[in-house]
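What follows is the content of coords-v6.tsv, which has TSV, C-alpha atoms:
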```
chain	number	residue	atom	x	y	z
B	345	MET	CA	-34.34	-19.92	-63.34
B	346	ILE	CA	-32.35	-22.15	-61.02
B	347	LEU	CA	-28.63	-22.56	-61.71
B	348	ASP	CA	-26.27	-25.04	-60.13
B	349	THR	CA	-25.15	-23.36	-56.93
B	350	ARG	CA	-21.86	-25.25	-56.77
B	351	THR	CA	-20.96	-24.10	-60.30
B	352	ILE	CA	-21.63	-20.47	-59.38
B	353	PHE	CA	-19.64	-21.01	-56.21
B	354	LEU	CA	-16.64	-22.34	-58.13
B	355	ILE	CA	-16.79	-19.48	-60.67
B	356	THR	CA	-16.88	-16.94	-57.83
B	357	PHE	CA	-14.05	-18.74	-56.06
B	358	PHE	CA	-11.69	-18.71	-59.05
B	359	ASN	CA	-12.59	-15.14	-60.06
B	360	VAL	CA	-11.82	-13.72	-56.63
B	361	LEU	CA	-8.73	-15.92	-56.21
B	362	ILE	CA	-7.19	-14.91	-59.55
B	363	MET	CA	-7.94	-11.23	-58.98
B	364	GLY	CA	-6.60	-11.34	-55.43
B	365	VAL	CA	-3.32	-12.93	-56.51
B	366	GLY	CA	-3.08	-10.51	-59.45
B	367	ILE	CA	-3.62	-7.45	-57.27
B	368	PHE	CA	-1.13	-8.74	-54.71
B	369	ALA	CA	1.51	-9.07	-57.45
B	370	ALA	CA	0.62	-5.71	-59.00
B	371	ALA	CA	0.87	-3.94	-55.62
B	372	ARG	CA	4.66	-4.40	-55.71
B	373	THR	CA	4.90	-2.03	-58.69
B	374	TYR	CA	3.17	0.83	-56.82
B	375	GLU	CA	4.30	2.98	-53.93
B	376	GLY	CA	2.85	4.73	-50.90
B	377	GLN	CA	-0.80	4.63	-49.97
B	378	VAL	CA	-1.87	2.95	-53.23
B	379	GLN	CA	0.50	0.06	-52.56
B	380	ARG	CA	-0.82	-0.33	-49.01
B	381	SER	CA	-4.38	-0.16	-50.29
B	382	MET	CA	-3.76	-2.77	-52.99
B	383	SER	CA	-2.10	-5.10	-50.49
B	384	ALA	CA	-5.12	-4.77	-48.20
B	385	TRP	CA	-7.50	-5.42	-51.12
B	386	ALA	CA	-5.58	-8.54	-52.17
B	387	ARG	CA	-5.58	-9.69	-48.55
B	388	ALA	CA	-9.36	-9.15	-48.45
B	389	CYS	CA	-9.82	-11.29	-51.56
B	390	LEU	CA	-7.80	-14.15	-50.11
B	391	ILE	CA	-9.53	-14.01	-46.71
B	392	VAL	CA	-12.96	-14.07	-48.39
B	393	ILE	CA	-11.82	-16.99	-50.53
B	394	ALA	CA	-10.78	-18.89	-47.40
B	395	GLY	CA	-14.23	-18.30	-45.97
B	396	TRP	CA	-15.96	-19.51	-49.13
B	397	VAL	CA	-13.78	-22.65	-49.22
B	398	LEU	CA	-14.79	-23.52	-45.68
B	399	ILE	CA	-18.46	-22.92	-46.55
B	400	GLY	CA	-18.10	-25.16	-49.61
B	401	LEU	CA	-16.70	-27.94	-47.44
B	402	ARG	CA	-19.70	-27.86	-45.12
B	403	GLY	CA	-20.64	-31.42	-44.25
B	404	ALA	CA	-17.13	-32.71	-44.96
B	405	ILE	CA	-15.43	-30.80	-42.13
B	406	PRO	CA	-16.51	-29.96	-38.56
B	407	SER	CA	-19.22	-27.31	-38.17
B	408	PHE	CA	-16.84	-25.17	-36.15
B	409	LEU	CA	-14.72	-24.70	-39.27
B	410	SER	CA	-17.44	-24.55	-41.91
B	411	ILE	CA	-19.71	-22.21	-39.94
B	412	ILE	CA	-17.88	-20.32	-37.19
B	413	ILE	CA	-14.44	-19.88	-38.78
B	414	ALA	CA	-15.99	-19.48	-42.23
B	415	SER	CA	-18.14	-16.58	-41.05
B	416	VAL	CA	-15.14	-14.98	-39.32
B	417	PHE	CA	-13.12	-15.11	-42.55
B	418	LEU	CA	-16.01	-13.85	-44.64
B	419	HIS	CA	-16.79	-10.93	-42.34
B	420	PHE	CA	-13.14	-9.97	-41.74
B	421	GLY	CA	-12.46	-10.18	-45.47
B	422	VAL	CA	-15.31	-7.84	-46.41
B	423	ALA	CA	-14.23	-5.45	-43.63
B	424	GLU	CA	-10.76	-5.44	-45.18
B	425	TYR	CA	-12.26	-4.12	-48.44
B	426	TYR	CA	-13.51	-1.15	-46.45
B	427	HIS	CA	-10.09	-0.61	-44.87
B	428	SER	CA	-8.46	-0.84	-48.30
B	429	LEU	CA	-10.65	1.95	-49.62
B	430	ARG	CA	-9.77	4.17	-46.67
B	431	LEU	CA	-6.08	3.55	-47.32
B	432	PHE	CA	-6.62	4.40	-50.99
B	433	ASP	CA	-7.94	7.82	-49.96
B	434	GLY	CA	-5.06	8.34	-47.52
B	435	GLN	CA	-7.32	8.03	-44.48
B	436	ARG	CA	-6.41	6.51	-41.18
B	437	ILE	CA	-7.87	3.07	-40.50
B	438	ASN	CA	-9.11	1.81	-37.15
B	439	ARG	CA	-10.02	-1.85	-37.06
B	440	ARG	CA	-11.35	-1.64	-33.52
B	441	TYR	CA	-14.96	-1.11	-34.55
B	442	THR	CA	-15.07	-3.59	-37.42
B	443	ASN	CA	-13.34	-6.16	-35.23
B	444	ALA	CA	-15.94	-5.60	-32.52
B	445	LEU	CA	-18.71	-6.07	-35.09
B	446	VAL	CA	-17.21	-9.32	-36.37
B	447	ILE	CA	-16.60	-10.70	-32.88
B	448	THR	CA	-20.16	-9.89	-31.81
B	449	ALA	CA	-21.60	-11.54	-34.92
B	450	THR	CA	-19.40	-14.60	-34.39
B	451	ALA	CA	-20.60	-14.93	-30.81
B	452	LEU	CA	-24.25	-14.77	-31.92
B	453	ILE	CA	-23.67	-17.29	-34.69
B	454	ALA	CA	-21.98	-19.64	-32.20
B	455	PHE	CA	-24.95	-19.23	-29.84
B	456	PHE	CA	-27.43	-20.18	-32.57
B	457	LEU	CA	-25.27	-23.15	-33.53
B	458	TYR	CA	-24.41	-24.71	-30.17
B	459	ILE	CA	-26.87	-23.31	-27.61
B	460	HIS	CA	-30.04	-22.77	-29.60
B	461	GLU	CA	-29.57	-24.22	-33.09
B	462	HIS	CA	-31.26	-22.01	-35.69
B	463	LEU	CA	-29.98	-21.98	-39.28
B	464	PHE	CA	-32.00	-19.03	-40.54
B	465	LEU	CA	-31.09	-16.72	-37.66
B	466	ARG	CA	-27.43	-17.48	-38.39
B	467	ILE	CA	-28.04	-16.55	-42.03
B	468	VAL	CA	-29.83	-13.34	-41.03
B	469	ILE	CA	-27.05	-12.31	-38.63
B	470	SER	CA	-24.36	-12.92	-41.28
B	471	SER	CA	-26.39	-11.10	-43.92
B	472	LEU	CA	-26.90	-8.04	-41.69
B	473	VAL	CA	-23.17	-7.81	-40.95
B	474	LEU	CA	-22.29	-8.07	-44.64
B	475	MET	CA	-24.96	-5.51	-45.56
B	476	PHE	CA	-23.53	-3.05	-43.06
B	477	LEU	CA	-19.97	-3.53	-44.34
B	478	PHE	CA	-21.07	-3.23	-48.00
B	479	ALA	CA	-22.95	-0.01	-47.18
B	480	LEU	CA	-19.95	1.36	-45.29
B	481	SER	CA	-17.63	0.68	-48.23
B	482	GLY	CA	-20.05	2.26	-50.69
B	483	TRP	CA	-20.40	5.34	-48.51
B	484	THR	CA	-16.61	5.68	-48.37
B	485	LEU	CA	-16.50	5.75	-52.17
B	486	LEU	CA	-19.12	8.50	-52.36
B	487	ARG	CA	-17.52	10.93	-49.94
B	488	PRO	CA	-14.34	12.27	-51.64
B	489	PRO	CA	-14.55	15.10	-54.24
B	490	LYS	CA	-14.52	14.41	-57.94
B	491	THR	CA	-11.23	13.14	-59.34
B	492	SER	CA	-10.12	11.43	-62.51
B	493	SER	CA	-11.18	8.14	-60.89
B	494	PHE	CA	-14.66	9.49	-60.10
B	495	THR	CA	-16.41	7.25	-62.64
B	496	MET	CA	-14.51	4.19	-61.48
B	497	ARG	CA	-15.40	4.92	-57.86
B	498	ARG	CA	-19.06	4.90	-58.85
B	499	PHE	CA	-18.49	1.60	-60.64
B	500	VAL	CA	-17.05	0.02	-57.50
B	501	CYS	CA	-19.87	1.54	-55.48
B	502	LEU	CA	-22.31	-0.15	-57.85
B	503	GLY	CA	-20.71	-3.50	-57.03
B	504	PHE	CA	-21.16	-2.94	-53.30
B	505	ALA	CA	-24.75	-1.79	-53.94
B	506	ILE	CA	-25.46	-5.03	-55.83
B	507	MET	CA	-24.24	-7.12	-52.95
B	508	PHE	CA	-26.09	-4.99	-50.40
B	509	ILE	CA	-29.34	-5.49	-52.31
B	510	VAL	CA	-28.72	-9.22	-52.70
B	511	TYR	CA	-28.26	-9.76	-48.97
B	512	MET	CA	-31.07	-7.38	-48.07
B	513	VAL	CA	-33.49	-9.37	-50.26
B	514	ARG	CA	-32.13	-12.57	-48.77
B	515	THR	CA	-32.75	-11.31	-45.24
B	516	ILE	CA	-36.25	-10.09	-46.00
B	517	LEU	CA	-37.28	-13.35	-47.68
B	518	ILE	CA	-35.92	-15.49	-44.88
B	519	LEU	CA	-37.59	-13.40	-42.17
B	520	LYS	CA	-40.89	-13.32	-44.09
B	521	SER	CA	-41.05	-16.97	-45.07
B	522	PRO	CA	-38.08	-19.23	-44.31
B	523	PRO	CA	-37.48	-21.41	-47.38
B	524	ALA	CA	-36.65	-25.07	-47.40
B	525	LEU	CA	-32.84	-25.05	-47.30
B	526	PRO	CA	-31.26	-28.43	-46.55
B	527	THR	CA	-27.69	-27.10	-47.11
B	528	MET	CA	-25.97	-23.81	-47.86
B	529	LEU	CA	-25.23	-24.96	-51.43
B	530	ALA	CA	-28.73	-26.23	-52.17
B	531	ASN	CA	-30.02	-25.57	-55.71
B	532	THR	CA	-32.86	-23.18	-54.93
B	533	THR	CA	-34.03	-19.92	-56.48
B	534	LEU	CA	-32.89	-17.98	-53.43
B	535	GLN	CA	-29.43	-19.53	-53.40
B	536	THR	CA	-29.06	-18.94	-57.17
B	537	PHE	CA	-29.94	-15.29	-56.59
B	538	VAL	CA	-27.56	-14.96	-53.63
B	539	PHE	CA	-24.54	-16.69	-55.15
B	540	GLY	CA	-25.11	-15.20	-58.61
B	541	GLY	CA	-25.44	-11.68	-57.20
B	542	THR	CA	-22.41	-12.17	-54.98
B	543	SER	CA	-20.34	-13.38	-57.93
B	544	MET	CA	-21.37	-10.38	-60.02
B	545	GLY	CA	-20.75	-8.00	-57.13
B	546	PHE	CA	-17.23	-9.27	-56.37
B	547	LEU	CA	-16.33	-9.15	-60.04
B	548	THR	CA	-17.60	-5.57	-60.33
B	549	ILE	CA	-15.84	-4.21	-57.24
B	550	THR	CA	-12.49	-5.80	-58.06
B	551	LEU	CA	-12.51	-4.76	-61.71
B	552	GLY	CA	-13.54	-1.24	-60.72
B	553	TYR	CA	-10.88	-1.11	-58.02
B	554	LEU	CA	-8.18	-2.04	-60.54
B	555	LEU	CA	-9.38	0.77	-62.81
B	556	MET	CA	-9.30	3.16	-59.82
B	557	CYS	CA	-5.66	2.22	-59.19
B	558	THR	CA	-4.84	2.73	-62.87
B	559	ALA	CA	-6.47	6.16	-62.84
B	560	ARG	CA	-4.52	7.10	-59.69
B	561	PHE	CA	-1.28	5.91	-61.30
B	562	ASN	CA	-2.01	8.02	-64.39
B	563	ASP	CA	-2.68	11.02	-62.14
B	564	GLN	CA	0.68	10.51	-60.46
B	565	LEU	CA	2.44	10.30	-63.84
B	566	LYS	CA	0.75	13.52	-64.97
B	567	TYR	CA	1.74	15.19	-61.72
B	568	LEU	CA	5.37	14.11	-62.05
B	569	ALA	CA	5.44	15.22	-65.68
B	570	ALA	CA	4.06	18.67	-64.80
B	571	THR	CA	5.87	19.54	-61.57
B	572	ASP	CA	9.34	20.35	-60.33
B	573	PRO	CA	10.44	17.66	-57.84
B	574	LEU	CA	12.32	20.07	-55.55
B	575	THR	CA	9.68	22.76	-55.05
B	576	GLY	CA	6.45	21.03	-56.09
B	577	LEU	CA	5.67	23.94	-58.43
B	578	TYR	CA	4.73	23.56	-62.08
B	579	ASN	CA	7.67	23.00	-64.40
B	580	ARG	CA	8.38	25.05	-67.53
B	581	ARG	CA	6.41	22.82	-69.89
B	582	ALA	CA	3.31	22.88	-67.71
B	583	LEU	CA	3.56	26.65	-67.30
B	584	THR	CA	3.83	27.10	-71.06
B	585	ASP	CA	0.72	25.01	-71.72
B	586	LEU	CA	-1.37	26.59	-68.95
B	587	SER	CA	-0.27	30.10	-69.86
B	588	GLN	CA	-1.18	29.69	-73.50
B	589	ARG	CA	-4.63	28.47	-72.50
B	590	GLU	CA	-5.07	31.54	-70.30
B	591	LEU	CA	-3.86	33.82	-73.09
B	592	ASP	CA	-6.39	32.30	-75.47
B	593	ARG	CA	-9.11	32.87	-72.90
B	594	ALA	CA	-7.92	36.43	-72.29
B	595	ARG	CA	-8.13	37.22	-75.98
B	596	ARG	CA	-11.81	36.23	-75.96
B	597	SER	CA	-12.66	38.00	-72.69
B	598	GLY	CA	-10.52	41.10	-73.20
B	599	GLU	CA	-8.95	40.72	-69.72
B	600	PRO	CA	-5.16	40.41	-70.11
B	601	PRO	CA	-3.02	38.51	-67.59
B	602	ALA	CA	0.29	39.64	-66.12
B	603	PHE	CA	3.46	37.58	-66.15
B	604	PHE	CA	6.39	37.47	-63.73
B	605	ILE	CA	9.95	36.29	-64.22
B	606	VAL	CA	11.63	35.93	-60.83
B	607	ASP	CA	15.40	35.59	-60.47
B	608	VAL	CA	17.16	34.85	-57.16
B	609	ASP	CA	19.91	37.41	-56.70
B	610	ASP	CA	23.45	36.11	-56.18
B	611	PHE	CA	22.24	32.53	-56.00
B	612	LYS	CA	25.66	31.18	-56.97
B	613	ALA	CA	27.14	32.91	-53.94
B	614	VAL	CA	24.68	31.07	-51.68
B	615	ASN	CA	25.76	27.74	-53.18
B	616	ASP	CA	29.45	28.59	-52.97
B	617	ARG	CA	29.34	29.85	-49.39
B	618	TYR	CA	26.79	27.53	-47.74
B	619	GLY	CA	26.67	24.52	-50.03
B	620	HIS	CA	24.16	23.10	-52.47
B	621	ASP	CA	21.84	21.93	-49.69
B	622	ALA	CA	21.46	25.54	-48.68
B	623	GLY	CA	20.81	26.45	-52.30
B	624	ASP	CA	18.02	23.87	-52.45
B	625	ALA	CA	16.58	25.20	-49.19
B	626	ALA	CA	16.70	28.73	-50.63
B	627	LEU	CA	14.77	27.66	-53.73
B	628	GLN	CA	12.18	25.93	-51.57
B	629	ALA	CA	11.85	29.05	-49.43
B	630	ILE	CA	11.34	31.25	-52.49
B	631	SER	CA	8.69	28.85	-53.81
B	632	SER	CA	6.88	29.03	-50.46
B	633	HIS	CA	6.90	32.83	-50.58
B	634	LEU	CA	5.54	32.76	-54.13
B	635	LYS	CA	2.67	30.51	-53.09
B	636	SER	CA	1.89	32.59	-50.01
B	637	VAL	CA	1.88	35.97	-51.77
B	638	LEU	CA	0.31	35.05	-55.09
B	639	ARG	CA	-3.33	34.09	-55.42
B	640	SER	CA	-4.60	30.52	-55.44
B	641	HIS	CA	-5.57	30.70	-59.13
B	642	ASP	CA	-2.22	32.12	-60.26
B	643	VAL	CA	0.02	29.66	-62.11
B	644	VAL	CA	3.40	29.46	-60.36
B	645	SER	CA	6.39	27.64	-61.81
B	646	ARG	CA	10.04	26.92	-61.26
B	647	PHE	CA	11.23	27.97	-64.68
B	648	GLY	CA	14.69	26.49	-64.41
B	649	GLY	CA	17.77	26.81	-62.18
B	650	ASP	CA	17.23	29.77	-59.89
B	651	GLU	CA	14.44	31.29	-61.99
B	652	PHE	CA	10.74	31.18	-61.24
B	653	ALA	CA	7.80	32.37	-63.30
B	654	ALA	CA	4.14	33.06	-62.65
B	655	LEU	CA	1.10	33.90	-64.72
B	656	LEU	CA	-1.48	36.09	-63.00
B	657	PRO	CA	-4.87	35.98	-64.77
B	658	VAL	CA	-6.89	39.19	-65.09
B	659	THR	CA	-4.21	41.43	-63.57
B	660	THR	CA	-3.46	45.01	-64.56
B	661	GLU	CA	0.01	46.47	-64.75
B	662	THR	CA	-0.53	48.50	-61.57
B	663	GLU	CA	-1.76	45.45	-59.66
B	664	ALA	CA	1.14	43.37	-60.95
B	665	GLN	CA	3.68	45.97	-59.80
B	666	LYS	CA	2.16	46.05	-56.31
B	667	ILE	CA	2.21	42.27	-56.07
B	668	ALA	CA	5.84	42.20	-57.26
B	669	GLU	CA	6.86	44.77	-54.64
B	670	ARG	CA	5.08	42.84	-51.89
B	671	LEU	CA	6.73	39.58	-52.99
B	672	SER	CA	10.17	41.18	-53.03
B	673	ALA	CA	9.61	42.64	-49.57
B	674	VAL	CA	8.52	39.29	-48.13
B	675	VAL	CA	11.61	37.52	-49.49
B	676	ARG	CA	13.92	40.31	-48.37
B	677	ASN	CA	12.46	40.52	-44.86
B	678	THR	CA	12.31	36.76	-44.23
B	679	PRO	CA	15.83	35.38	-43.79
B	680	LEU	CA	16.37	31.70	-44.45
B	681	LEU	CA	17.44	29.74	-41.37
B	682	PHE	CA	19.87	27.02	-42.43
B	683	ASN	CA	22.10	25.09	-40.01
B	684	HIS	CA	21.61	27.79	-37.35
B	685	GLN	CA	22.64	30.50	-39.80
B	686	GLU	CA	20.60	33.30	-41.32
B	687	ILE	CA	20.87	33.61	-45.08
B	688	ARG	CA	19.57	36.84	-46.54
B	689	LEU	CA	17.85	36.42	-49.88
B	690	SER	CA	16.58	38.88	-52.43
B	691	ILE	CA	14.96	38.56	-55.83
B	692	SER	CA	14.59	40.54	-59.03
B	693	ILE	CA	11.30	40.45	-60.88
B	694	GLY	CA	10.51	41.20	-64.49
B	695	VAL	CA	6.87	42.09	-65.14
B	696	ALA	CA	4.95	42.05	-68.40
B	697	VAL	CA	1.26	42.41	-69.21
B	698	SER	CA	-0.14	40.54	-72.19
B	699	ASP	CA	-0.74	42.36	-75.45
B	700	LEU	CA	-4.14	41.06	-76.54
B	701	GLU	CA	-3.30	41.74	-80.17
B	702	HIS	CA	-0.44	39.24	-79.94
B	703	PRO	CA	-1.44	36.83	-77.16
B	704	TYR	CA	1.47	34.43	-77.48
B	705	PHE	CA	3.38	32.97	-74.57
B	706	ASN	CA	6.83	33.37	-76.11
B	707	ASP	CA	6.16	37.05	-76.74
B	708	LEU	CA	5.01	37.57	-73.15
B	709	LEU	CA	8.03	35.66	-71.84
B	710	HIS	CA	10.42	37.72	-73.95
B	711	ARG	CA	9.04	41.02	-72.68
B	712	ALA	CA	9.10	39.87	-69.05
B	713	ASP	CA	12.70	38.71	-69.53
B	714	GLN	CA	13.64	42.07	-70.99
B	715	SER	CA	11.99	43.79	-68.05
B	716	LEU	CA	14.03	41.63	-65.65
B	717	TYR	CA	17.24	42.42	-67.52
B	718	SER	CA	16.50	46.14	-67.51
B	719	GLY	CA	15.80	46.10	-63.77
B	720	LYS	CA	19.07	44.30	-62.99
B	721	LYS	CA	21.01	46.62	-65.29
B	722	GLY	CA	19.47	49.66	-63.64
B	723	ARG	CA	20.47	48.44	-60.21
B	724	LYS	CA	24.05	47.87	-61.27
B	725	MET	CA	24.25	51.34	-62.86
B	726	THR	CA	23.16	52.94	-59.55
B	727	GLY	CA	25.88	51.03	-57.73
B	728	LEU	CA	23.59	48.77	-55.72
B	729	SER	CA	24.64	45.23	-54.90
B	730	LEU	CA	22.02	42.65	-55.83
B	731	GLY	CA	22.19	41.28	-52.32
B	732	ASP	CA	21.98	44.59	-50.45
B	733	GLU	CA	19.46	44.23	-47.64
B	734	GLY	CA	16.44	46.47	-47.89
B	735	LYS	CA	17.28	47.83	-51.33
B	736	ILE	CA	15.60	46.72	-54.48
B	737	SER	CA	15.03	48.55	-57.68
B	738	PRO	CA	11.51	48.74	-59.08
B	739	CYS	CA	10.78	46.09	-61.68
B	740	GLN	CA	10.09	47.46	-65.10
B	741	SER	CA	6.93	46.33	-66.83
B	742	ASP	CA	6.64	45.82	-70.54
B	743	SER	CA	4.73	49.08	-70.88
B	744	SER	CA	7.47	51.15	-69.20
B	745	GLN	CA	9.99	49.41	-71.38
B	746	ARG	CA	8.04	50.33	-74.48
B	747	ASN	CA	7.95	53.94	-73.30
B	748	GLN	CA	11.75	54.05	-73.33
B	749	GLN	CA	11.95	52.83	-76.88
B	750	PRO	CA	12.22	55.48	-79.64
```

Full structure transcribed into structure tokens:
Amino acid sequence: MILDTRTIFLITFFNVLIMGVGIFAAARTYEGQVQRSMSAWARACLIVIAGWVLIGLRGAIPSFLSIIIASVFLHFGVAEYYHSLRLFDGQRINRRYTNALVITATALIAFFLYIHEHLFLRIVISSLVLMFLFALSGWTLLRPPKTSSFTMRRFVCLGFAIMFIVYMVRTILILKSPPALPTMLANTTLQTFVFGGTSMGFLTITLGYLLMCTARFNDQLKYLAATDPLTGLYNRRALTDLSQRELDRARRSGEPPAFFIVDVDDFKAVNDRYGHDAGDAALQAISSHLKSVLRSHDVVSRFGGDEFAALLPVTTETEAQKIAERLSAVVRNTPLLFNHQEIRLSISIGVAVSDLEHPYFNDLLHRADQSLYSGKKGRKMTGLSLGDEGKISPCQSDSSQRNQQP
């Protein structure tokens, strides 16, 4: 079936133009690497559109514009899609190699226009450059690990694959048997296939890219909703949800988790003496120690104020006590350097191990809190200052606490 090539051309033109302008406007509502990526994608759309306009005006404007400059715009625009995807993944872009590719292709096209005129070799050269750039973009989408935008990445990759196949078939057919092609917009089966496939491909990649950006935005919202902005740890709500899931799993497996409540000793004194900036630095230092001492699969949270909490899956009481002692020692033996001053920090830790007969987060939290309170009370009764260097009282677990009860 042969369709009107100019109609397909106009449909492609307006689709890419509208999407490019829309993405450019939407980019202003994003931040960081996604904003830079969206700006590059919108720029790619507009550059490609400029190239297609010049191609569409072939015969009405000089060949230099409709062939040489048009191919430059088309190739640079498709290369910019590749750069946009690298920016989306937070990767560094280097236009040196793509620029070299485009310049080389332009020089060859100019040679086969002015020195040795050959329409089909120009088409083959342009097709090979576009095929390479489409393949490069698709490969970029396949490399990163699975994320929430994994499906959308595959969708965009499908769009690049469509265009790669279209131009590969075009190249093969032209090399095998050059068709009669009076103009670039001639109504032939080959041109219908090329322009129709290109239109479908551009529509697919841009729609998929928008969905990728939406998925990334949703990921950022989820991250902000689940984390503490100062320390980057989970917040209390996220800890509660994740802990209850682990408790439900522990009830089925019979492997109880341990739970920590961590309190920074004399934190108000740090704020009063050194200022709130020092207090923030102290909280960030404690969070770093928590992440360095605890395991990668432990759930660590800033519980509120100067309190932290952590859930340690499949951890016995003895193991939890050893981890708590090691954490306390690390904090105590690593002074915080702030404005050329050393600030000595110490922490108190309440430890509880889940009761599988009552695997509820609030119950576990209550017993860890009681353990923390008992440890602080014991230290005060022995006359120790909470900030004394090198002296901490052992943290009571829920089991030791139960042993003291009548």

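For the pair atom CA of Arg676 of chain B and atom CA of Ala696 of chain B, the interatomic distance is 22.0 Å.
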
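We find atom CA of Ser672 of chain B and atom CA of Asp713 of chain B to be spaced 16.9 Å apart.
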
**OP:** For segment 557-573 of chain B, work out the shell of residues within 6 Å, counting all atoms listed in the file and skipping chain neighbours fewer than 6 positions away, then give it as a PyMOL selection string.
**Re:** chain B and resi 493+579+582

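For the pair atom CA of Val608 of chain B and atom CA of Leu689 of chain B, the interatomic distance is 7.5 Å.
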
**OP:** Tell me, as number ranges by chain, which residues lie within 7 Å of segment 652-655 of chain B, counting only C-alpha atoms; anything in the same chain fewer than 5 positions away does not count.
**Re:** B: 587, 601-607, 642-647

Could the residues in this selection be written to a file with C-alpha atoms, as a PDB file, keeping the file's coordinate frame?
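After the write, part05.pdb holds the following:
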```
ATOM      1  CA  SER B 587      -0.270  30.100 -69.860  1.00  0.00           C
ATOM      2  CA  PRO B 601      -3.020  38.510 -67.590  1.00  0.00           C
ATOM      3  CA  ALA B 602       0.290  39.640 -66.120  1.00  0.00           C
ATOM      4  CA  PHE B 603       3.460  37.580 -66.150  1.00  0.00           C
ATOM      5  CA  PHE B 604       6.390  37.470 -63.730  1.00  0.00           C
ATOM      6  CA  ILE B 605       9.950  36.290 -64.220  1.00  0.00           C
ATOM      7  CA  VAL B 606      11.630  35.930 -60.830  1.00  0.00           C
ATOM      8  CA  ASP B 607      15.400  35.590 -60.470  1.00  0.00           C
ATOM      9  CA  ASP B 642      -2.220  32.120 -60.260  1.00  0.00           C
ATOM     10  CA  VAL B 643       0.020  29.660 -62.110  1.00  0.00           C
ATOM     11  CA  VAL B 644       3.400  29.460 -60.360  1.00  0.00           C
ATOM     12  CA  SER B 645       6.390  27.640 -61.810  1.00  0.00           C
ATOM     13  CA  ARG B 646      10.040  26.920 -61.260  1.00  0.00           C
ATOM     14  CA  PHE B 647      11.230  27.970 -64.680  1.00  0.00           C
TER      15      PHE B 647
END
```

Subject >> Residue contacts of segment 358-364 of chain B (9 Å, only C-alpha atoms) excluding same-chain residues fewer than 6 positions away, as a PyMOL selection string >> reply: chain B and resi 385-390+392-393+543+546-547+550-551

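Distances from B:Phe537, B:Trp396, B:Phe508, B:Tyr717 to Ala479 of chain B were compared using all atoms listed in the file, and the smallest one belongs to B:Phe508.
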
Extract, using only C-alpha atoms, all DNA, RNA and protein residues at most 10 Å from Ile691 of chain B, discarding same-chain residues fewer than 2 positions from it, and format them as a tab-separated table (two decimals) with C-alpha atoms, in the coordinates of the input.
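Final file, result.tsv:
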```tsv
chain	number	residue	atom	x	y	z
B	606	VAL	CA	11.63	35.93	-60.83
B	607	ASP	CA	15.40	35.59	-60.47
B	608	VAL	CA	17.16	34.85	-57.16
B	609	ASP	CA	19.91	37.41	-56.70
B	610	ASP	CA	23.45	36.11	-56.18
B	611	PHE	CA	22.24	32.53	-56.00
B	630	ILE	CA	11.34	31.25	-52.49
B	650	ASP	CA	17.23	29.77	-59.89
B	651	GLU	CA	14.44	31.29	-61.99
B	668	ALA	CA	5.84	42.20	-57.26
B	671	LEU	CA	6.73	39.58	-52.99
B	672	SER	CA	10.17	41.18	-53.03
B	673	ALA	CA	9.61	42.64	-49.57
B	675	VAL	CA	11.61	37.52	-49.49
B	676	ARG	CA	13.92	40.31	-48.37
B	689	LEU	CA	17.85	36.42	-49.88
B	693	ILE	CA	11.30	40.45	-60.88
B	730	LEU	CA	22.02	42.65	-55.83
B	731	GLY	CA	22.19	41.28	-52.32
B	736	ILE	CA	15.60	46.72	-54.48
```

Hey, could you pull the box centre and edge lengths for segment 611-618 of chain B, axis-aligned, 6 Å padding per side, all listed atoms, to one decimal in Å, as AutoDock Vina command-line options?
```
--center_x 25.8 --center_y 30.2 --center_z -52.4 --size_x 19.2 --size_y 17.4 --size_z 21.2
```

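Between Ser383 of chain B and the candidates B:Phe682, B:Phe417, B:Tyr425, B:Phe357, the tightest atom-to-atom separation, counting only C-alpha atoms, involves B:Tyr425.
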
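Compared by their closest atoms to Leu452 of chain B, and using only C-alpha atoms, the residues B:Glu424, B:Arg436, B:Asn615, B:Ile412 rank with B:Ile412 nearest.
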
Original post:
Arg466 of chain B: which residues within 8 Å, counting all atoms listed in the file, same-chain residues fewer than 2 positions away excluded, as a ChimeraX atom specification?
Top reply: /B:452-453,456-457,462-464,468-470
